[in-house]
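The structure file coords10.cif is reproduced below (mmCIF, C-alpha atoms).
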```
data_protein
#
loop_
_atom_site.label_atom_id
_atom_site.label_comp_id
_atom_site.auth_asym_id
_atom_site.auth_seq_id
_atom_site.Cartn_x
_atom_site.Cartn_y
_atom_site.Cartn_z
CA MET A 1 -8.62 -6.92 18.47
CA GLU A 2 -9.64 -9.23 15.64
CA ASP A 3 -6.82 -10.90 13.75
CA LEU A 4 -6.41 -12.69 10.44
CA GLU A 5 -6.20 -16.01 12.28
CA SER A 6 -9.82 -15.51 13.34
CA THR A 7 -11.04 -15.11 9.74
CA ALA A 8 -12.14 -18.08 7.67
CA TRP A 9 -8.99 -19.22 5.90
CA PRO A 10 -8.40 -19.60 3.12
CA PRO A 11 -11.08 -17.26 1.81
CA GLU A 12 -12.71 -17.77 -1.54
CA PRO A 13 -10.34 -16.71 -4.31
CA ILE A 14 -10.32 -12.95 -4.86
CA ARG A 15 -10.81 -12.03 -8.49
CA ALA A 16 -9.28 -8.82 -9.78
CA GLU A 17 -9.40 -7.57 -13.37
CA ARG A 18 -6.57 -9.81 -14.64
CA LEU A 19 -5.50 -11.72 -11.55
CA VAL A 20 -6.74 -14.15 -8.93
CA LEU A 21 -5.55 -14.07 -5.32
CA ARG A 22 -5.82 -17.53 -3.82
CA ALA A 23 -4.35 -19.89 -1.28
CA SER A 24 -1.14 -21.63 -2.28
CA GLU A 25 -1.15 -25.11 -3.76
CA ALA A 26 1.47 -27.78 -4.38
CA ARG A 27 1.76 -26.64 -8.03
CA ASP A 28 3.15 -23.29 -6.79
CA ARG A 29 6.24 -24.78 -5.14
CA ALA A 30 8.61 -24.20 -8.09
CA ALA A 31 7.47 -20.57 -8.40
CA PHE A 32 8.08 -20.03 -4.67
CA VAL A 33 11.61 -21.40 -5.08
CA ASP A 34 12.18 -19.07 -8.06
CA LEU A 35 10.78 -16.11 -6.09
CA TYR A 36 12.93 -16.66 -2.98
CA ALA A 37 16.08 -17.52 -4.98
CA SER A 38 15.84 -14.48 -7.28
CA PRO A 39 18.64 -11.92 -6.84
CA GLU A 40 16.44 -9.28 -8.55
CA VAL A 41 13.50 -9.85 -6.20
CA HIS A 42 15.73 -9.71 -3.14
CA THR A 43 17.85 -6.69 -4.11
CA TYR A 44 16.31 -4.69 -1.25
CA LEU A 45 15.58 -7.63 1.05
CA GLY A 46 19.02 -8.79 2.10
CA GLY A 47 19.74 -11.02 -0.88
CA PRO A 48 18.30 -14.28 -2.19
CA ARG A 49 18.35 -17.64 -0.46
CA PRO A 50 20.38 -20.43 -2.07
CA ARG A 51 18.25 -22.43 -4.51
CA ALA A 52 19.55 -25.79 -3.22
CA GLU A 53 18.56 -24.84 0.33
CA LEU A 54 15.10 -23.78 -0.83
CA GLU A 55 14.63 -27.00 -2.82
CA ARG A 56 15.57 -29.01 0.27
CA GLU A 57 13.56 -27.05 2.87
CA MET A 58 10.49 -25.74 1.02
CA PRO A 59 7.32 -27.56 2.10
CA GLU A 60 5.25 -29.33 -0.53
CA VAL A 61 2.61 -26.59 -0.19
CA PRO A 62 4.44 -23.38 0.78
CA GLY A 63 2.75 -20.36 2.31
CA ARG A 64 -0.39 -21.97 3.71
CA ARG A 65 -1.18 -19.51 6.48
CA PRO A 66 -3.69 -16.74 7.12
CA GLY A 67 -2.92 -13.56 5.20
CA HIS A 68 -0.75 -15.24 2.56
CA PHE A 69 -2.10 -15.05 -1.00
CA VAL A 70 -0.65 -16.42 -4.19
CA VAL A 71 -1.06 -14.00 -7.09
CA ASP A 72 -2.19 -16.06 -10.07
CA LEU A 73 -2.12 -14.93 -13.71
CA ASP A 74 -3.72 -17.33 -16.19
CA GLY A 75 -3.28 -20.30 -13.84
CA ALA A 76 0.34 -19.64 -12.84
CA MET A 77 1.82 -18.01 -9.75
CA ILE A 78 3.55 -14.69 -10.49
CA GLY A 79 3.90 -13.41 -6.93
CA GLN A 80 2.60 -13.33 -3.40
CA ILE A 81 0.83 -10.91 -1.11
CA LEU A 82 1.44 -11.08 2.65
CA LEU A 83 -0.90 -9.52 5.19
CA ARG A 84 0.12 -9.97 8.81
CA ARG A 85 0.15 -8.14 12.12
CA ALA A 86 3.25 -6.01 12.58
CA THR A 87 4.49 -7.44 15.87
CA GLY A 88 8.05 -6.94 16.99
CA HIS A 89 8.39 -4.33 14.24
CA GLY A 90 10.37 -1.95 16.44
CA ARG A 91 8.55 1.09 15.05
CA PRO A 92 5.78 2.31 17.37
CA ALA A 93 3.71 3.65 14.46
CA ALA A 94 3.53 0.15 12.94
CA GLU A 95 3.26 -2.06 16.01
CA GLY A 96 0.12 -4.21 16.01
CA LYS A 97 -1.26 -2.89 12.73
CA PRO A 98 -1.91 -5.01 9.65
CA ASP A 99 1.21 -4.94 7.47
CA LEU A 100 1.22 -5.35 3.67
CA GLY A 101 4.10 -7.13 1.95
CA TYR A 102 4.47 -8.38 -1.61
CA LEU A 103 6.95 -10.15 -3.86
CA PHE A 104 6.63 -10.64 -7.62
CA LEU A 105 8.72 -12.61 -10.09
CA PRO A 106 10.75 -10.29 -12.34
CA ARG A 107 8.82 -11.38 -15.44
CA ALA A 108 5.69 -9.88 -13.84
CA TRP A 109 7.25 -6.46 -13.20
CA GLY A 110 6.11 -3.40 -15.13
CA HIS A 111 2.59 -4.60 -15.98
CA GLY A 112 0.66 -3.13 -13.04
CA TYR A 113 0.08 -6.55 -11.49
CA ALA A 114 1.44 -5.55 -8.08
CA ALA A 115 -0.91 -2.54 -7.87
CA GLU A 116 -3.88 -4.64 -8.98
CA ALA A 117 -3.11 -7.50 -6.57
CA CYS A 118 -2.33 -5.25 -3.59
CA ALA A 119 -5.50 -3.21 -4.13
CA ALA A 120 -7.56 -6.43 -4.24
CA ALA A 121 -5.88 -7.73 -1.06
CA LEU A 122 -6.44 -4.43 0.73
CA GLY A 123 -10.08 -4.50 -0.32
CA TRP A 124 -10.42 -7.99 1.15
CA LEU A 125 -8.63 -6.87 4.33
CA SER A 126 -11.01 -3.95 4.81
CA GLY A 127 -13.84 -6.46 5.04
CA ALA A 128 -11.92 -8.91 7.24
CA LEU A 129 -10.59 -6.25 9.64
CA PRO A 130 -12.80 -3.19 9.13
CA GLY A 131 -11.64 0.19 10.36
CA GLU A 132 -7.97 -0.68 10.70
CA PRO A 133 -5.11 1.26 9.12
CA VAL A 134 -2.50 -0.72 7.22
CA VAL A 135 1.28 -0.19 7.25
CA LEU A 136 3.95 -0.88 4.66
CA THR A 137 7.74 -0.72 4.98
CA THR A 138 10.21 -0.57 2.10
CA GLN A 139 13.70 0.68 1.42
CA THR A 140 13.74 4.23 0.08
CA ALA A 141 16.14 2.99 -2.63
CA ASN A 142 13.38 0.71 -3.94
CA THR A 143 11.76 3.32 -6.16
CA GLY A 144 9.24 0.89 -7.64
CA SER A 145 7.95 -0.05 -4.21
CA MET A 146 7.85 3.61 -3.19
CA ARG A 147 5.71 4.44 -6.28
CA LEU A 148 3.41 1.51 -5.54
CA ALA A 149 2.95 2.61 -1.91
CA ALA A 150 1.92 6.09 -3.07
CA LYS A 151 -0.44 4.67 -5.70
CA LEU A 152 -2.10 2.49 -3.03
CA GLY A 153 -2.68 5.51 -0.76
CA PHE A 154 0.11 5.03 1.79
CA THR A 155 1.64 8.20 3.21
CA GLU A 156 4.97 8.51 4.95
CA VAL A 157 5.05 8.20 8.72
CA GLU A 158 8.80 8.05 9.15
CA ARG A 159 12.15 7.06 7.71
CA PHE A 160 14.63 5.05 9.72
CA GLU A 161 17.84 3.10 9.36
CA ALA A 162 17.68 -0.71 9.48
CA TRP A 163 19.50 -3.52 7.73
CA ASP A 164 22.19 -1.05 6.62
CA ALA A 165 19.75 1.02 4.56
CA GLU A 166 17.21 3.80 4.88
CA GLN A 167 13.70 2.39 5.33
CA TRP A 168 10.36 4.07 4.66
CA LEU A 169 7.30 3.39 6.80
CA GLY A 170 3.93 4.38 5.39
CA ILE A 171 0.38 4.08 6.62
CA ARG A 172 -2.90 3.78 4.78
CA PRO A 173 -5.79 5.09 6.88
CA PRO A 174 -9.01 3.07 7.18
CA ALA A 175 -10.86 5.65 5.06
CA ALA A 176 -8.64 4.70 2.10
CA LEU A 177 -9.67 1.05 2.36
CA GLY A 178 -12.40 -0.47 0.28
#
```
In structure tokens, write the structure found in this file.
Amino acid sequence: MEDLESTAWPPEPIRAERLVLRASEARDRAAFVDLYASPEVHTYLGGPRPRAELEREMPEVPGRRPGHFVVDLDGAMIGQILLRRATGHGRPAAEGKPDLGYLFLPRAWGHGYAAEACAAALGWLSGALPGEPVVLTTQTANTGSMRLAAKLGFTEVERFEAWDAEQWLGIRPPAALG
């Protein structure tokens, strides 16, 4: 099975209508710290990490690995898209499939950027790993993420309890890609 590690990385920047998906750069470090330290961003992800810890431990160029895109609006990072194999997921329906994750700074919420960026990333993935379904997991309490999953064409596979909350696992069939 082909994997993201076997694709040329980083790819050329992906241009969407208003956004660019690109590899991370040193100039993104402060935005990564803000993203990972944000209580709003991590409401459904177990809470934020302490800013001082992030400042100390964050590499000079964070997120430089296959499947990790910075979402850029007008030259500044507003979020990230993560595409990776779901290994050790614990849910048989997800195991081994490409998994979509995303985080956006609160100032970027409510403008459709997540839908635009995720759709662009999924389009890229359909070319990199053709014919593969994609999975997405979110807390059912995260209504914004649930709406985004539906908009992107994910349908529910199952709900399960993890991390003291009900989780939703959705799948996007290969036909929905591209």
Tell me which residues the PyMOL selection byres ((chain A and resi 82-96) around 12) grabs here, as an MDAnalysis selection string.
chainID A and resid 1:5 21:24 63:71 79:81 97:104 117:118 120:126 128:129 132:137 156:162 167:172
Once the PyMOL selection byres ((chain A and resi 152) around 8) has been evaluated on this model, what residues remain selected, and can you format them as a compact mmCIF listing (two decimals) with C-alpha atoms, in the coordinates of the input?
```txt
# COMPACT_ATOMS: atom_id res chain seq x y z
CA ALA A 115 -0.91 -2.54 -7.87
CA CYS A 118 -2.33 -5.25 -3.59
CA ALA A 119 -5.50 -3.21 -4.13
CA LEU A 148 3.41 1.51 -5.54
CA ALA A 149 2.95 2.61 -1.91
CA ALA A 150 1.92 6.09 -3.07
CA LYS A 151 -0.44 4.67 -5.70
CA GLY A 153 -2.68 5.51 -0.76
CA PHE A 154 0.11 5.03 1.79
CA ARG A 172 -2.90 3.78 4.78
```
Restricting the calculation to all atoms listed in the file, which member of A:Glu25, A:Arg147, A:Thr138, A:Pro173 is positioned closest to Thr43 in chain A?
A:Thr138
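Closest to Pro39 in chain A among A:Gly131, A:Gly144, A:Pro106, A:Gly112 is A:Pro106, based on all atoms listed in the file.
Proximity ranking of A:Ala16, A:Ala8, A:Thr143, A:Val33 relative to Pro62 in chain A places A:Val33 first, based on all atoms listed in the file.
Coordinates place CA of Ala31 in chain A at a distance of 11.3 Å from CA of Val61 in chain A.
Taking CA of Glu57 in chain A and CA of Met77 in chain A as endpoints, the distance between them is 19.5 Å.
The smallest atom-to-atom distance between Ala165 in chain A and any of A:Gly110, A:Asn142, A:Glu60, A:Ala30, using only C-alpha atoms, is found for A:Asn142.
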